[in-house]
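Some notes on the structure that comes next.
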Amino acid sequence: MAARDITSRQLPLQWPAQPAQRREDFLAAPGNAAALALIDAFPRWPGKVVSLVGPEGAGKSHLAAIFAARAGARVVAAADLDRAGVPALLATGALVVEDLDAAPFEEAALFHLLNLAREQGAFLLMTTRTPPAQLALATADLASRLRAVPVFEIAPADDGLLAALLLKLFADRQVSVDEATVSYLLLRIPRAVAGAQKVVEAIDRAALAAHRPVTRALAAQVLKAHPELAAQEDEGDDGSPDDEDDGAEDAPQTGRAPV
């Protein structure tokens with residue numbers, strides 16, 4: 001009976017500092033095919049300055065990290081750009097500028113960066129949720145330069161990609177999970193890699209703490225206990241004992257897949 005109250009016995013949630021960002025960890029899908037092809041084609045790019053555009057959690061930073069590892073590029077947030085520091089940022093011949101639209105940035109610094117990158121033949125990859133041409137800028141010359149930057153868009157994760165991601169994340173932890181659990185989570189978790197990682201980690205830790213397999217009912221209890229992990233309030237299912245697989249959950253199992 002104590003096994004049913006998994007949330008009170010659960011260990012404190014401690015998220016990993018960074019998600020895995022290697023090339024083999026990136027899940028290809030139609031919505032990110034063009035952007036992934038760009039990264040894989042490096043250094044044979046259509047231009048040395050490019051922009052990855054997509055919603056939060058679509059994989060922009062993951063692709064940028066792959067590029068940075070291959071190109072020896074430094075990574076800087078747009079908000080941290082300053083004109084005096086631009087030459088040092090380009091010292092390796094490649095640079096990633098993250099989150100152009102996340103916060104105000106020094107327009108003179110970005111304009112100088114674009115000019116210097118062109119002069120030096122350096123590679124520059126920028127990430128943003130909004131196409132650079134749509135940014136509200138005070139510097140007309142900067143706006144003109146950004147309109148000329150090739151854009152590679154990434155679409156939000158669809159159900160197929162998110163389901164594959166969940167299966168991979170659980171499999172990485174040697175956890176078996178059924179279709180009902182995956183389908184349940186698809187309707188309730190953020191459509192982003194980082195959000196899926198946090199949900200999977202929380203469910204796995206709860207399963208280990210309570211010696212229960214990972215099931216739909218367990219997933220429901222975790223999301224109820226930690227609503228910040230869900231995309232929205234889940235009022236339709238609270239993981240109560242009438243779930244169809246709940247009867248098997250009192251058994252002292254871990255839900256680990258055979259290894």
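Letters for chains follow the order of the structure tokens (A, B, ...), residue numbers begin at 1 for each chain, and ligand numbers begin at 1 in the order shown.
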How close does region 83-179 of chain A get to region 67-78 of chain A? List, as JSON lines, each residue of region 83-179 of chain A within 6 Å, its nearest atom pair and the distance in Å to one decimal, counting only C-alpha atoms.
```
{"residue": "A:Ala94", "atom": "CA", "partner": "A:Ala73", "partner_atom": "CA", "distance": 4.5}
{"residue": "A:Leu95", "atom": "CA", "partner": "A:Ala73", "partner_atom": "CA", "distance": 4.7}
{"residue": "A:Val96", "atom": "CA", "partner": "A:Val75", "partner_atom": "CA", "distance": 4.6}
{"residue": "A:Val97", "atom": "CA", "partner": "A:Val76", "partner_atom": "CA", "distance": 5.1}
{"residue": "A:Glu98", "atom": "CA", "partner": "A:Ala77", "partner_atom": "CA", "distance": 4.7}
{"residue": "A:Asp99", "atom": "CA", "partner": "A:Ala78", "partner_atom": "CA", "distance": 6.0}
{"residue": "A:Leu100", "atom": "CA", "partner": "A:Ala78", "partner_atom": "CA", "distance": 5.3}
{"residue": "A:Phe105", "atom": "CA", "partner": "A:Ala78", "partner_atom": "CA", "distance": 5.8}
```
Residues just named, written with C-alpha atoms as an mmCIF file, in the first residue's frame:
```cif
data_model
loop_
_atom_site.group_PDB
_atom_site.id
_atom_site.type_symbol
_atom_site.label_atom_id
_atom_site.label_comp_id
_atom_site.auth_asym_id
_atom_site.auth_seq_id
_atom_site.Cartn_x
_atom_site.Cartn_y
_atom_site.Cartn_z
ATOM 1 C CA ALA A 94 34.155 30.255 -35.941
ATOM 2 C CA LEU A 95 31.522 31.530 -33.544
ATOM 3 C CA VAL A 96 27.998 30.718 -32.343
ATOM 4 C CA VAL A 97 25.774 33.601 -31.250
ATOM 5 C CA GLU A 98 22.785 32.276 -29.332
ATOM 6 C CA ASP A 99 19.329 33.779 -28.791
ATOM 7 C CA LEU A 100 19.330 36.912 -30.925
ATOM 8 C CA PHE A 105 21.842 43.223 -27.414
#
```
Exercise: region 32-34 of chain A partners within 8 Å, only C-alpha atoms, chain neighbours under 2 positions left out, as a PDB file with C-alpha atoms, in the first residue's frame:
```
ATOM      1  CA  ALA A  28      16.363  13.696 -37.219  1.00  0.00           C
ATOM      2  CA  ALA A  29      12.873  14.545 -38.457  1.00  0.00           C
ATOM      3  CA  PRO A  30      11.343  16.202 -41.516  1.00  0.00           C
ATOM      4  CA  LEU A  36      20.641  19.181 -39.789  1.00  0.00           C
ATOM      5  CA  ALA A  37      21.888  18.906 -43.364  1.00  0.00           C
ATOM      6  CA  LEU A  38      23.512  22.316 -42.979  1.00  0.00           C
ATOM      7  CA  PHE A 152      17.415  27.453 -41.896  1.00  0.00           C
ATOM      8  CA  GLU A 153      14.147  26.888 -40.092  1.00  0.00           C
ATOM      9  CA  ILE A 154      13.351  24.158 -37.583  1.00  0.00           C
ATOM     10  CA  ALA A 155       9.720  23.202 -37.039  1.00  0.00           C
TER      11      ALA A 155
END
```
Hey, what does DSSP flag as strand (DSSP E) within region 50-222 of chain A? Can you give it to me as a count of residues only?
22
Mind the document's chain letters and residue numbers, and return as a ChimeraX atom specification the residues of region 2-247 of chain A that DSSP labels helix (DSSP H, G or I).
/A:2-4,6-9,23-25,30-41,60-71,78-80,83-89,107-120,132-134,140-147,159-172,179-186,193-210,216-225,227-229,246-247
Just to confirm, what's the straight-line distance from CA of Ser61 (chain A) to CA of Pro156 (chain A) in Å (one decimal)?
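Taking CA of Ser61 (chain A) as the start and CA of Pro156 (chain A) as the end point, the length is 13.8 Å.
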Can you list, as a compact mmCIF listing (two decimals) with N, CA, C and O atoms, in the first residue's frame, every protein, DNA or RNA residue that comes within 6 Å of Arg129 (chain A) when you count only C-alpha atoms, leaving out same-chain residues fewer than 5 positions away?
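Final output, part31.txt:
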```
# COMPACT_ATOMS: atom_id res chain seq x y z
N VAL A 53 16.61 29.12 -37.16
CA VAL A 53 15.40 29.76 -36.64
C VAL A 53 14.39 28.69 -36.25
O VAL A 53 14.11 27.78 -37.04
N GLY A 54 13.84 28.79 -35.06
CA GLY A 54 12.82 27.84 -34.63
C GLY A 54 12.36 28.14 -33.23
O GLY A 54 12.99 28.93 -32.51
N PRO A 55 11.26 27.53 -32.81
CA PRO A 55 10.73 27.78 -31.46
C PRO A 55 11.64 27.22 -30.38
O PRO A 55 12.55 26.43 -30.65
```
Any idea what's packed within 10 Å of Ala196 (chain A), counting only C-alpha atoms, ignoring anything in its chain fewer than 3 positions away? Could you give it as a short mmCIF file (atom, residue, chain, number, x, y, z; two decimals) with N, CA and C atoms, in the first residue's frame?
```cif
data_model
loop_
_atom_site.label_atom_id
_atom_site.label_comp_id
_atom_site.auth_asym_id
_atom_site.auth_seq_id
_atom_site.Cartn_x
_atom_site.Cartn_y
_atom_site.Cartn_z
N GLY A 57 13.17 24.97 -27.74
CA GLY A 57 13.17 23.52 -27.60
C GLY A 57 13.17 22.75 -28.90
N LEU A 162 8.58 13.42 -30.98
CA LEU A 162 8.52 13.43 -29.53
C LEU A 162 8.40 12.01 -28.97
N ALA A 163 7.63 11.16 -29.63
CA ALA A 163 7.51 9.77 -29.19
C ALA A 163 8.86 9.06 -29.30
N LEU A 165 11.74 10.44 -29.20
CA LEU A 165 12.61 11.01 -28.17
C LEU A 165 12.34 10.37 -26.81
N LEU A 166 11.08 10.24 -26.45
CA LEU A 166 10.74 9.62 -25.17
C LEU A 166 11.26 8.19 -25.09
N LEU A 169 15.02 8.29 -24.60
CA LEU A 169 15.41 8.72 -23.26
C LEU A 169 15.18 7.63 -22.23
N LEU A 185 1.95 10.63 -22.19
CA LEU A 185 2.90 11.72 -22.01
C LEU A 185 2.87 12.71 -23.18
N LEU A 186 2.64 12.19 -24.39
CA LEU A 186 2.64 13.06 -25.56
C LEU A 186 1.63 14.19 -25.44
N ILE A 189 3.26 16.75 -21.95
CA ILE A 189 4.58 17.31 -21.65
C ILE A 189 4.96 18.39 -22.67
N PRO A 190 5.90 19.25 -22.31
CA PRO A 190 6.35 20.28 -23.25
C PRO A 190 6.93 19.64 -24.51
N ARG A 191 6.72 20.26 -25.64
CA ARG A 191 7.21 19.74 -26.91
C ARG A 191 8.63 20.25 -27.15
N ALA A 192 9.52 19.86 -26.24
CA ALA A 192 10.91 20.30 -26.29
C ALA A 192 11.79 19.22 -25.70
N VAL A 193 13.01 19.14 -26.19
CA VAL A 193 13.94 18.11 -25.73
C VAL A 193 14.20 18.24 -24.23
N VAL A 199 11.08 15.23 -17.61
CA VAL A 199 9.96 14.35 -17.31
C VAL A 199 10.44 12.90 -17.17
N VAL A 200 11.26 12.46 -18.11
CA VAL A 200 11.75 11.09 -18.07
C VAL A 200 12.58 10.86 -16.83
N GLU A 201 13.43 11.80 -16.48
CA GLU A 201 14.26 11.63 -15.28
C GLU A 201 13.39 11.55 -14.03
N ALA A 202 12.37 12.41 -13.95
CA ALA A 202 11.50 12.40 -12.77
C ALA A 202 10.76 11.07 -12.65
N LEU A 229 6.41 20.23 -14.58
CA LEU A 229 6.97 19.41 -15.65
C LEU A 229 6.01 19.26 -16.82
N ALA A 230 4.74 19.54 -16.59
CA ALA A 230 3.73 19.34 -17.63
C ALA A 230 3.55 20.59 -18.47
#
```
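Between Ala138 (chain A) and the residues A:Pro43, A:Pro104, A:Pro227, A:Gly85, the shortest atom-to-atom distance, using only C-alpha atoms, involves A:Pro104.
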Using only C-alpha atoms: which of A:Gly47, A:Gly59, A:Gly195, A:Pro213 has the shortest distance to Leu124 (chain A)
A:Gly47
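For the choices A:Trp45, A:Ala102, A:Gly31, A:Ala58, the atom-to-atom distance to Ala79 (chain A) is smallest for A:Ala102 when using only C-alpha atoms.
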